[in-house]
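Novice: Here it is: the structure, laid out below.
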Amino acid sequence: SDVTAVNSAAITITAPDVLMDGEGHTITGTGSGTGIMLKNTGSTIANFSRISYFTTGLNSTGEGAIIRNSSFTGNYYGIRSYGNSTVITGIIADENTEGIDAYGSYTSIHDSVTRNNLDLGITTLRGKQISIRNNLVENNTYGAILILGPENNIRNNTILSNGDGIESVAEEGLIIDNIISSNRYDGIWSIGNNTTISGNTVTDSSEHGIFSQAVRVVIEGNSLQSNPQGINATGYNSIVTGNNILDSSDVGIIMSGANSLASGNRVYNNTYG
């Protein structure tokens, strides 16, 4: 049955390897506390039609959790995941302050929707080798995806009408094959060294299509259209190659780092070059 919270946590799970199937039910809070507190290893939370009006909709600290096919709305944090090797899939995080926050390594966030959140859609903190793929991240006020840990893989997401699109502080990351459009600041902003940014389509950003302030970055095979600046790469030893850049209201490519290379780019119909 549906649950209305009267304590700090509506449901607390401490035993390992639990399957909690919500069967389409709801968990509703009063604006504080936690909807589900998951403290064990190897458990699955699934099929809640709505977990809403908590400080944190779901707080997971165990290793190897699976969180799937559930909706989180009206919380401060939709999901906060601290354990390693967590899988978050089939989630709708809508109208929270923060959509999905993941702290652990080897986490996968895929095939989910984060939209209309007041701050960020998806945030990864500290963890390495996190995979974020095949998500729709739309209309989040501050930004769509913020990446802090190293060796992360951001692939095949659709990112629309946020503040920034992808913000990456991660070193040795991959940002590949994303569709990024109509974001209010930068499409992709990166200060992570040794990052590869490849195969993305970035259109109609209000500032840069791709803005890289890192060193030893490879920016290749991207399509950028109708951004004020197409690509701005300031770090040394950067490679910008094989990109299509058109209809920039300012400059197609700016490179200011030493020992950098631009080659094989198609740059046309930009106001200043």
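Every chain in the structure tokens has a letter given in the order shown (A, B, ...), and although residue numbers restart at 1 in each chain, ligands are simply numbered from 1 in the order shown.
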Within 10 Å of A:Leu38, counting only C-alpha atoms, which residues show up once you throw out same-chain ones fewer than 4 positions away? Write them as a ChimeraX atom specification, please.
Specialist: /A:11-16,18,43-45,58-63,65,81
Novice: Go ahead and write the residues just picked, N, CA and C atoms, as a PDB file, in the first residue's frame.
Specialist:
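Generated output (out-v8.pdb):
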```pdb
ATOM      1  N   ILE A  11      11.022   4.277   5.232  1.00  0.00           N
ATOM      2  CA  ILE A  11      11.420   2.871   5.159  1.00  0.00           C
ATOM      3  C   ILE A  11      12.936   2.801   5.300  1.00  0.00           C
ATOM      4  N   THR A  12      13.419   1.937   6.200  1.00  0.00           N
ATOM      5  CA  THR A  12      14.856   1.701   6.365  1.00  0.00           C
ATOM      6  C   THR A  12      15.132   0.228   6.135  1.00  0.00           C
ATOM      7  N   ILE A  13      16.109  -0.067   5.267  1.00  0.00           N
ATOM      8  CA  ILE A  13      16.468  -1.445   4.931  1.00  0.00           C
ATOM      9  C   ILE A  13      17.911  -1.672   5.352  1.00  0.00           C
ATOM     10  N   THR A  14      18.127  -2.640   6.246  1.00  0.00           N
ATOM     11  CA  THR A  14      19.475  -2.931   6.740  1.00  0.00           C
ATOM     12  C   THR A  14      19.953  -4.328   6.359  1.00  0.00           C
ATOM     13  N   ALA A  15      19.045  -5.242   6.014  1.00  0.00           N
ATOM     14  CA  ALA A  15      19.448  -6.596   5.623  1.00  0.00           C
ATOM     15  C   ALA A  15      19.989  -6.589   4.195  1.00  0.00           C
ATOM     16  N   PRO A  16      20.940  -7.474   3.864  1.00  0.00           N
ATOM     17  CA  PRO A  16      21.485  -7.528   2.503  1.00  0.00           C
ATOM     18  C   PRO A  16      20.556  -8.249   1.536  1.00  0.00           C
ATOM     19  N   VAL A  18      18.038  -7.529  -0.454  1.00  0.00           N
ATOM     20  CA  VAL A  18      16.589  -7.365  -0.375  1.00  0.00           C
ATOM     21  C   VAL A  18      16.071  -6.860  -1.719  1.00  0.00           C
ATOM     22  N   SER A  43      21.061  -4.847  -2.765  1.00  0.00           N
ATOM     23  CA  SER A  43      19.606  -4.802  -2.754  1.00  0.00           C
ATOM     24  C   SER A  43      19.059  -4.025  -3.943  1.00  0.00           C
ATOM     25  N   THR A  44      17.780  -4.245  -4.229  1.00  0.00           N
ATOM     26  CA  THR A  44      17.092  -3.610  -5.352  1.00  0.00           C
ATOM     27  C   THR A  44      15.856  -2.872  -4.847  1.00  0.00           C
ATOM     28  N   ILE A  45      15.720  -1.627  -5.282  1.00  0.00           N
ATOM     29  CA  ILE A  45      14.518  -0.829  -5.048  1.00  0.00           C
ATOM     30  C   ILE A  45      13.896  -0.587  -6.421  1.00  0.00           C
ATOM     31  N   LEU A  58      15.587   8.921  -1.882  1.00  0.00           N
ATOM     32  CA  LEU A  58      16.244   7.646  -1.599  1.00  0.00           C
ATOM     33  C   LEU A  58      17.701   7.907  -1.278  1.00  0.00           C
ATOM     34  N   ASN A  59      18.142   7.403  -0.132  1.00  0.00           N
ATOM     35  CA  ASN A  59      19.536   7.537   0.300  1.00  0.00           C
ATOM     36  C   ASN A  59      20.128   6.135   0.391  1.00  0.00           C
ATOM     37  N   SER A  60      21.098   5.853  -0.485  1.00  0.00           N
ATOM     38  CA  SER A  60      21.687   4.512  -0.555  1.00  0.00           C
ATOM     39  C   SER A  60      23.162   4.568  -0.177  1.00  0.00           C
ATOM     40  N   THR A  61      23.548   3.798   0.849  1.00  0.00           N
ATOM     41  CA  THR A  61      24.950   3.751   1.273  1.00  0.00           C
ATOM     42  C   THR A  61      25.588   2.392   1.035  1.00  0.00           C
ATOM     43  N   GLY A  62      24.818   1.401   0.612  1.00  0.00           N
ATOM     44  CA  GLY A  62      25.354   0.062   0.408  1.00  0.00           C
ATOM     45  C   GLY A  62      26.008  -0.118  -0.944  1.00  0.00           C
ATOM     46  N   GLU A  63      26.827  -1.146  -1.046  1.00  0.00           N
ATOM     47  CA  GLU A  63      27.488  -1.487  -2.294  1.00  0.00           C
ATOM     48  C   GLU A  63      26.541  -2.290  -3.190  1.00  0.00           C
ATOM     49  N   ALA A  65      23.955  -1.645  -5.101  1.00  0.00           N
ATOM     50  CA  ALA A  65      22.497  -1.452  -5.120  1.00  0.00           C
ATOM     51  C   ALA A  65      21.995  -1.291  -6.552  1.00  0.00           C
ATOM     52  N   SER A  81      23.331   8.484  -3.826  1.00  0.00           N
ATOM     53  CA  SER A  81      23.937   7.157  -3.793  1.00  0.00           C
ATOM     54  C   SER A  81      25.405   7.283  -3.408  1.00  0.00           C
TER      55      SER A  81
END
```
Novice: Excluding A:Asn269 and residues on its chain fewer than 2 positions from it, collect all residues at most 7 Å away from it, counting only C-alpha atoms, and give them as a ChimeraX atom specification.
Specialist: /A:246-247,271
Novice: For a quick check of understanding, using only C-alpha atoms, which of A:Glu207, A:Glu220, A:Glu98, A:Asp17 has the smallest distance to A:Ile176?
Specialist: A:Glu220
Novice: What's the 8 Å shell around A:Arg126, counting only C-alpha atoms, without same-chain residues fewer than 3 positions away, as a list in words?
Specialist: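 The contact residues come out as Tyr103, Gly104, Ser105, Leu148, Gly149 and Pro150 of chain A.
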Novice: Between A:Arg115, A:Ser131, A:Ala170, A:Ile179, which residue has the minimum interatomic distance to A:Ala144, considering only C-alpha atoms?
Specialist: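 Using only C-alpha atoms, A:Ala144 sits closest to A:Arg115.
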Novice: Write out as a PyMOL selection string the set of residues from stretch 9-251 of chain A that DSSP, computed on the backbone, places in strand (DSSP E or B).
Specialist: chain A and resi 9-13+19-21+26-28+34-38+44-46+50-52+56-60+66-68+71-73+77-81+87-89+92-94+98-102+108-110+113-115+120-124+131-133+136-138+143-147+153-155+158-160+164-168+174-176+179-181+188-190+196-198+201-203+208-212+218-220+223-225+229-233+239-241+244-246
Novice: Measuring between only C-alpha atoms, which one of A:Gly78, A:Gly163, A:Gly257, A:Gly22 shows the shortest distance to A:Thr234?
Specialist: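 For A:Thr234, the nearest of the given residues is A:Gly257.
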Novice: Please report the interatomic distance between atom CA of A:Tyr142 and atom CA of A:Glu95 in Å with one decimal.
Specialist: 12.9 Å
Novice: Give me the residues within 8 Å of A:Phe54 as a ChimeraX atom specification, counting only C-alpha atoms and dropping any in the same chain fewer than 2 places off.
Specialist: /A:28-35,52,56-57,74-77
Novice: Which residue, A:Asn265, A:Asn270, A:Asn156, A:Ser238, has the smallest gap to A:Asn193 when you use only C-alpha atoms?
Specialist: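 The shortest atom-to-atom distance to A:Asn193 comes from A:Ser238.
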Novice: So which one's closest to A:Ile122, A:Gly221, A:Gly235, A:Gly165, A:Gly99? Using only C-alpha atoms, please.
Specialist: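 Once distances to A:Ile122 are computed over only C-alpha atoms, the minimum belongs to A:Gly99.
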